[in-house]
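Colleague: Structure supplied as input10.pdb; contents: PDB, C-alpha atoms, pLDDT in the B column.
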ATOM      1  CA  MET A 221     -28.351  48.803 -33.421  1.00 86.00           C
ATOM      2  CA  PRO A 222     -28.085  48.645 -29.660  1.00 95.00           C
ATOM      3  CA  ASP A 223     -27.543  45.228 -28.154  1.00 97.00           C
ATOM      4  CA  LEU A 224     -29.026  44.086 -24.846  1.00 98.00           C
ATOM      5  CA  VAL A 225     -27.130  42.533 -21.944  1.00 98.00           C
ATOM      6  CA  VAL A 226     -29.464  40.856 -19.444  1.00 98.00           C
ATOM      7  CA  ILE A 227     -27.913  40.086 -16.050  1.00 98.00           C
ATOM      8  CA  VAL A 228     -30.016  37.669 -14.008  1.00 98.00           C
ATOM      9  CA  GLY A 229     -29.631  36.129 -10.581  1.00 96.00           C
ATOM     10  CA  PRO A 230     -31.015  36.033  -7.065  1.00 94.00           C
ATOM     11  CA  PRO A 231     -31.177  39.107  -4.832  1.00 93.00           C
ATOM     12  CA  ALA A 232     -27.778  40.523  -3.798  1.00 95.00           C
ATOM     13  CA  SER A 233     -25.875  38.230  -6.166  1.00 96.00           C
ATOM     14  CA  GLY A 234     -24.089  41.233  -7.659  1.00 96.00           C
ATOM     15  CA  LYS A 235     -26.229  41.998 -10.699  1.00 97.00           C
ATOM     16  CA  ALA A 236     -26.170  45.769 -10.184  1.00 96.00           C
ATOM     17  CA  ALA A 237     -22.498  45.776  -9.189  1.00 96.00           C
ATOM     18  CA  VAL A 238     -21.528  43.924 -12.370  1.00 98.00           C
ATOM     19  CA  GLY A 239     -23.890  46.071 -14.451  1.00 98.00           C
ATOM     20  CA  THR A 240     -22.431  49.274 -13.034  1.00 97.00           C
ATOM     21  CA  GLU A 241     -18.867  48.156 -13.808  1.00 98.00           C
ATOM     22  CA  LEU A 242     -19.765  46.860 -17.251  1.00 98.00           C
ATOM     23  CA  ALA A 243     -21.465  50.166 -18.090  1.00 98.00           C
ATOM     24  CA  ALA A 244     -18.394  52.090 -16.919  1.00 98.00           C
ATOM     25  CA  LEU A 245     -16.095  49.916 -19.044  1.00 98.00           C
ATOM     26  CA  THR A 246     -18.225  49.892 -22.205  1.00 98.00           C
ATOM     27  CA  GLY A 247     -20.253  53.120 -22.218  1.00 98.00           C
ATOM     28  CA  PHE A 248     -23.451  51.044 -22.353  1.00 98.00           C
ATOM     29  CA  ARG A 249     -26.567  52.418 -20.681  1.00 98.00           C
ATOM     30  CA  PHE A 250     -27.532  50.704 -17.415  1.00 98.00           C
ATOM     31  CA  CYS A 251     -31.056  50.109 -16.130  1.00 97.00           C
ATOM     32  CA  HIS A 252     -31.173  47.990 -12.978  1.00 95.00           C
ATOM     33  CA  ASN A 253     -34.454  46.379 -11.985  1.00 93.00           C
ATOM     34  CA  HIS A 254     -35.011  48.574  -8.926  1.00 93.00           C
ATOM     35  CA  MET A 255     -35.308  51.670 -11.121  1.00 94.00           C
ATOM     36  CA  THR A 256     -38.777  50.434 -12.040  1.00 95.00           C
ATOM     37  CA  ALA A 257     -39.469  48.151  -9.067  1.00 94.00           C
ATOM     38  CA  GLU A 258     -39.249  50.939  -6.489  1.00 93.00           C
ATOM     39  CA  ALA A 259     -41.695  53.134  -8.428  1.00 94.00           C
ATOM     40  CA  ALA A 260     -44.200  50.315  -8.913  1.00 95.00           C
ATOM     41  CA  ALA A 261     -43.913  49.273  -5.255  1.00 94.00           C
ATOM     42  CA  ALA A 262     -44.495  52.837  -4.063  1.00 95.00           C
ATOM     43  CA  LEU A 263     -47.818  52.871  -5.869  1.00 96.00           C
ATOM     44  CA  PHE A 264     -49.025  49.270  -5.541  1.00 97.00           C
ATOM     45  CA  GLY A 265     -47.014  47.571  -2.777  1.00 95.00           C
ATOM     46  CA  TRP A 266     -44.329  44.929  -3.207  1.00 91.00           C
ATOM     47  CA  ASP A 267     -45.182  41.677  -4.930  1.00 87.00           C
ATOM     48  CA  THR A 268     -48.823  42.454  -5.747  1.00 96.00           C
ATOM     49  CA  ASP A 269     -50.450  41.716  -9.084  1.00 95.00           C
ATOM     50  CA  LEU A 270     -50.591  45.446  -9.899  1.00 97.00           C
ATOM     51  CA  TYR A 271     -46.927  45.832  -8.933  1.00 96.00           C
ATOM     52  CA  ARG A 272     -45.851  43.030 -11.285  1.00 95.00           C
ATOM     53  CA  GLU A 273     -48.057  44.294 -14.118  1.00 96.00           C
ATOM     54  CA  ALA A 274     -46.908  47.908 -13.831  1.00 97.00           C
ATOM     55  CA  ALA A 275     -43.218  47.080 -13.435  1.00 96.00           C
ATOM     56  CA  THR A 276     -43.319  44.786 -16.467  1.00 96.00           C
ATOM     57  CA  GLU A 277     -45.154  47.316 -18.637  1.00 97.00           C
ATOM     58  CA  VAL A 278     -42.795  50.152 -17.700  1.00 97.00           C
ATOM     59  CA  ARG A 279     -39.698  48.007 -18.255  1.00 97.00           C
ATOM     60  CA  LEU A 280     -40.906  46.880 -21.667  1.00 97.00           C
ATOM     61  CA  LEU A 281     -41.807  50.428 -22.686  1.00 97.00           C
ATOM     62  CA  LEU A 282     -38.468  51.895 -21.613  1.00 97.00           C
ATOM     63  CA  LEU A 283     -36.395  49.114 -23.120  1.00 97.00           C
ATOM     64  CA  SER A 284     -38.323  49.054 -26.393  1.00 96.00           C
ATOM     65  CA  LYS A 285     -37.639  52.765 -26.854  1.00 96.00           C
ATOM     66  CA  ALA A 286     -33.994  52.447 -25.796  1.00 97.00           C
ATOM     67  CA  LEU A 287     -33.348  49.513 -28.130  1.00 96.00           C
ATOM     68  CA  ALA A 288     -35.044  51.249 -31.075  1.00 96.00           C
ATOM     69  CA  GLN A 289     -32.621  54.201 -30.996  1.00 95.00           C
ATOM     70  CA  GLN A 290     -30.371  54.073 -34.031  1.00 92.00           C
ATOM     71  CA  GLY A 291     -26.722  54.586 -33.130  1.00 94.00           C
ATOM     72  CA  ALA A 292     -27.377  54.673 -29.380  1.00 96.00           C
ATOM     73  CA  PRO A 293     -25.232  52.708 -26.922  1.00 97.00           C
ATOM     74  CA  SER A 294     -26.283  49.197 -25.974  1.00 98.00           C
ATOM     75  CA  VAL A 295     -28.303  48.576 -22.817  1.00 98.00           C
ATOM     76  CA  ILE A 296     -27.582  46.534 -19.697  1.00 98.00           C
ATOM     77  CA  VAL A 297     -30.570  45.451 -17.628  1.00 98.00           C
ATOM     78  CA  THR A 298     -30.839  43.365 -14.467  1.00 97.00           C
ATOM     79  CA  PHE A 299     -33.683  41.028 -13.607  1.00 95.00           C
ATOM     80  CA  MET A 300     -34.448  38.422 -10.967  1.00 93.00           C
ATOM     81  CA  TRP A 301     -35.679  35.685 -13.333  1.00 95.00           C
ATOM     82  CA  TYR A 302     -37.637  32.833 -11.817  1.00 92.00           C
ATOM     83  CA  PHE A 303     -37.064  30.263 -14.555  1.00 95.00           C
ATOM     84  CA  ASP A 304     -40.196  28.291 -13.683  1.00 95.00           C
ATOM     85  CA  GLU A 305     -42.496  31.359 -13.761  1.00 95.00           C
ATOM     86  CA  ASP A 306     -44.465  31.780 -16.982  1.00 97.00           C
ATOM     87  CA  ALA A 307     -44.687  35.559 -16.520  1.00 95.00           C
ATOM     88  CA  ASP A 308     -40.904  35.885 -16.182  1.00 96.00           C
ATOM     89  CA  ASN A 309     -40.313  33.687 -19.223  1.00 97.00           C
ATOM     90  CA  LEU A 310     -42.779  35.770 -21.227  1.00 97.00           C
ATOM     91  CA  PHE A 311     -41.023  38.987 -20.151  1.00 97.00           C
ATOM     92  CA  ILE A 312     -37.635  37.644 -21.262  1.00 97.00           C
ATOM     93  CA  ALA A 313     -39.110  36.429 -24.560  1.00 98.00           C
ATOM     94  CA  GLN A 314     -40.557  39.912 -25.113  1.00 97.00           C
ATOM     95  CA  LEU A 315     -37.147  41.493 -24.439  1.00 96.00           C
ATOM     96  CA  VAL A 316     -35.474  39.154 -26.905  1.00 97.00           C
ATOM     97  CA  ASP A 317     -38.147  39.957 -29.475  1.00 97.00           C
ATOM     98  CA  ILE A 318     -37.734  43.714 -28.994  1.00 96.00           C
ATOM     99  CA  ALA A 319     -33.964  43.516 -29.389  1.00 96.00           C
ATOM    100  CA  SER A 320     -34.185  41.175 -32.382  1.00 96.00           C
ATOM    101  CA  ARG A 321     -36.762  43.304 -34.209  1.00 94.00           C
ATOM    102  CA  ASN A 322     -34.400  46.245 -33.892  1.00 91.00           C
ATOM    103  CA  GLY A 323     -31.422  44.258 -35.198  1.00 95.00           C
ATOM    104  CA  GLY A 324     -29.735  43.881 -31.824  1.00 96.00           C
ATOM    105  CA  LYS A 325     -28.293  40.839 -30.136  1.00 97.00           C
ATOM    106  CA  VAL A 326     -29.098  39.668 -26.608  1.00 98.00           C
ATOM    107  CA  TYR A 327     -26.464  38.407 -24.180  1.00 98.00           C
ATOM    108  CA  PHE A 328     -27.352  36.689 -20.914  1.00 98.00           C
ATOM    109  CA  VAL A 329     -25.198  36.668 -17.787  1.00 98.00           C
ATOM    110  CA  GLU A 330     -26.255  34.634 -14.768  1.00 98.00           C
ATOM    111  CA  ARG A 331     -24.900  35.619 -11.362  1.00 97.00           C
ATOM    112  CA  LEU A 332     -24.826  33.053  -8.586  1.00 96.00           C
ATOM    113  CA  ALA A 333     -23.827  33.430  -4.962  1.00 95.00           C
ATOM    114  CA  SER A 334     -24.475  31.468  -1.796  1.00 94.00           C
ATOM    115  CA  GLN A 335     -27.157  32.678   0.541  1.00 93.00           C
ATOM    116  CA  ALA A 336     -24.478  33.576   3.118  1.00 93.00           C
ATOM    117  CA  ALA A 337     -22.617  35.714   0.577  1.00 94.00           C
ATOM    118  CA  ARG A 338     -25.826  37.442  -0.505  1.00 93.00           C
ATOM    119  CA  ILE A 339     -26.857  38.182   3.071  1.00 91.00           C
ATOM    120  CA  ALA A 340     -23.396  39.620   3.722  1.00 92.00           C
ATOM    121  CA  ARG A 341     -23.772  41.930   0.684  1.00 90.00           C
ATOM    122  CA  GLU A 342     -26.890  43.548   2.156  1.00 90.00           C
ATOM    123  CA  GLY A 343     -25.987  46.994   3.388  1.00 89.00           C
ATOM    124  CA  SER A 344     -23.109  47.493   0.938  1.00 88.00           C
ATOM    125  CA  PRO A 345     -22.747  51.143  -0.129  1.00 89.00           C
ATOM    126  CA  LEU A 346     -23.638  50.540  -3.794  1.00 87.00           C
ATOM    127  CA  ARG A 347     -26.646  48.398  -2.913  1.00 86.00           C
ATOM    128  CA  VAL A 348     -28.214  50.905  -0.526  1.00 83.00           C
ATOM    129  CA  ALA A 349     -27.392  53.818  -2.852  1.00 83.00           C
ATOM    130  CA  LEU A 350     -29.156  52.248  -5.835  1.00 80.00           C
ATOM    131  CA  LYS A 351     -32.035  50.563  -4.007  1.00 85.00           C
ATOM    132  CA  PRO A 352     -33.916  52.564  -1.345  1.00 79.00           C
ATOM    133  CA  SER A 353     -35.924  49.511  -0.250  1.00 79.00           C
ATOM    134  CA  LYS A 354     -32.671  47.778   0.743  1.00 83.00           C
ATOM    135  CA  ARG A 355     -31.726  50.449   3.282  1.00 79.00           C
ATOM    136  CA  ASP A 356     -33.510  48.442   5.976  1.00 81.00           C
ATOM    137  CA  VAL A 357     -30.633  45.973   6.018  1.00 85.00           C
ATOM    138  CA  GLU A 358     -32.088  43.568   8.585  1.00 85.00           C
ATOM    139  CA  ARG A 359     -35.357  43.271   6.654  1.00 85.00           C
ATOM    140  CA  ALA A 360     -33.438  42.792   3.390  1.00 82.00           C
ATOM    141  CA  ARG A 361     -31.354  40.052   4.989  1.00 87.00           C
ATOM    142  CA  SER A 362     -34.421  38.281   6.345  1.00 83.00           C
ATOM    143  CA  LEU A 363     -35.983  38.039   2.875  1.00 83.00           C
ATOM    144  CA  HIS A 364     -33.245  35.804   1.446  1.00 87.00           C
ATOM    145  CA  ALA A 365     -34.541  32.570   2.960  1.00 78.00           C
ATOM    146  CA  GLN A 366     -38.038  33.378   1.677  1.00 79.00           C
ATOM    147  CA  THR A 367     -36.734  34.166  -1.828  1.00 81.00           C
ATOM    148  CA  ASP A 368     -34.676  30.974  -1.960  1.00 81.00           C
ATOM    149  CA  GLU A 369     -37.748  28.825  -1.301  1.00 76.00           C
TER     150      GLU A 369
END
What does this structure look like when you write it as structure tokens?

Modeller:
Amino acid sequence: MPDLVVIVGPPASGKAAVGTELAALTGFRFCHNHMTAEAAAALFGWDTDLYREAATEVRLLLLSKALAQQGAPSVIVTFMWYFDEDADNLFIAQLVDIASRNGGKVYFVERLASQAARIAREGSPLRVALKPSKRDVERARSLHAQTDE
């Protein structure tokens, strides 16, 4: 049964960079949060109720199918988990349930980085390649103070 590796942390803390490297080293499948976030934002705008609902539903659908595949490689996923948000806690609980029902284990990795380090990472080649919304580097940098609140 595929296992699930969940990499959490604030924006630009290196979740996708670690996930990319881990996938290369292990052969695991990698699904970073912007794969679904960008699509939901294109249709409903960033950080709207419809955005959150659609992104969550799509993530759960994709991951439930991926984790149900017998003999398939494990999955790495990234997520910006607000620990005090009920919706985020529910999403994580649903992921754990999906993996457990399919006989898989769940591993959590938390990435931390100072705000200065995260701001400096904006504009890195991997970040802008994987995340179209981060190509406006100045806007991406300006959002860090807001996110940290």

Colleague: With all atoms listed in the file as the counted atoms, please give the residues lying no more than 10 Å from Ala262 of chain A, apart from itself and same-chain residues fewer than 4 positions off, as a ChimeraX atom specification.

Modeller: /A:257-258,266,271,353

Colleague: Give the answer as one residue: which of A:Ala259, A:Val326, A:Val348, A:Ala365 has the shortest atom-to-atom distance to Ala313 of chain A, using all atoms listed in the file?

Modeller: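 Closest to Ala313 of chain A of all the choices is A:Val326.
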
Colleague: Could you list, as a list in words, every residue within 8 Å of Ile339 of chain A, counting all atoms listed in the file and ignoring same-chain residues fewer than 3 positions away?

Modeller: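 Final neighbour list, sorted by chain and number: Ala232, Gln335, Ala336, Glu342, Arg361 and His364 of chain A.
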
Colleague: As an exercise, work out the distance from atom CA of Thr246 of chain A to atom CA of Trp301 of chain A in Å and give it to one decimal place.

Modeller: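 Taking atom CA of Thr246 of chain A and atom CA of Trp301 of chain A, their separation equals 24.2 Å.
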
Colleague: In terms of the shortest atom-to-atom distance over only C-alpha atoms, which of A:Gly229, A:Phe264, A:Pro345, A:Leu310 is closest to Asp368 of chain A?

Modeller: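 That would be A:Gly229, the residue with the smallest distance to Asp368 of chain A.
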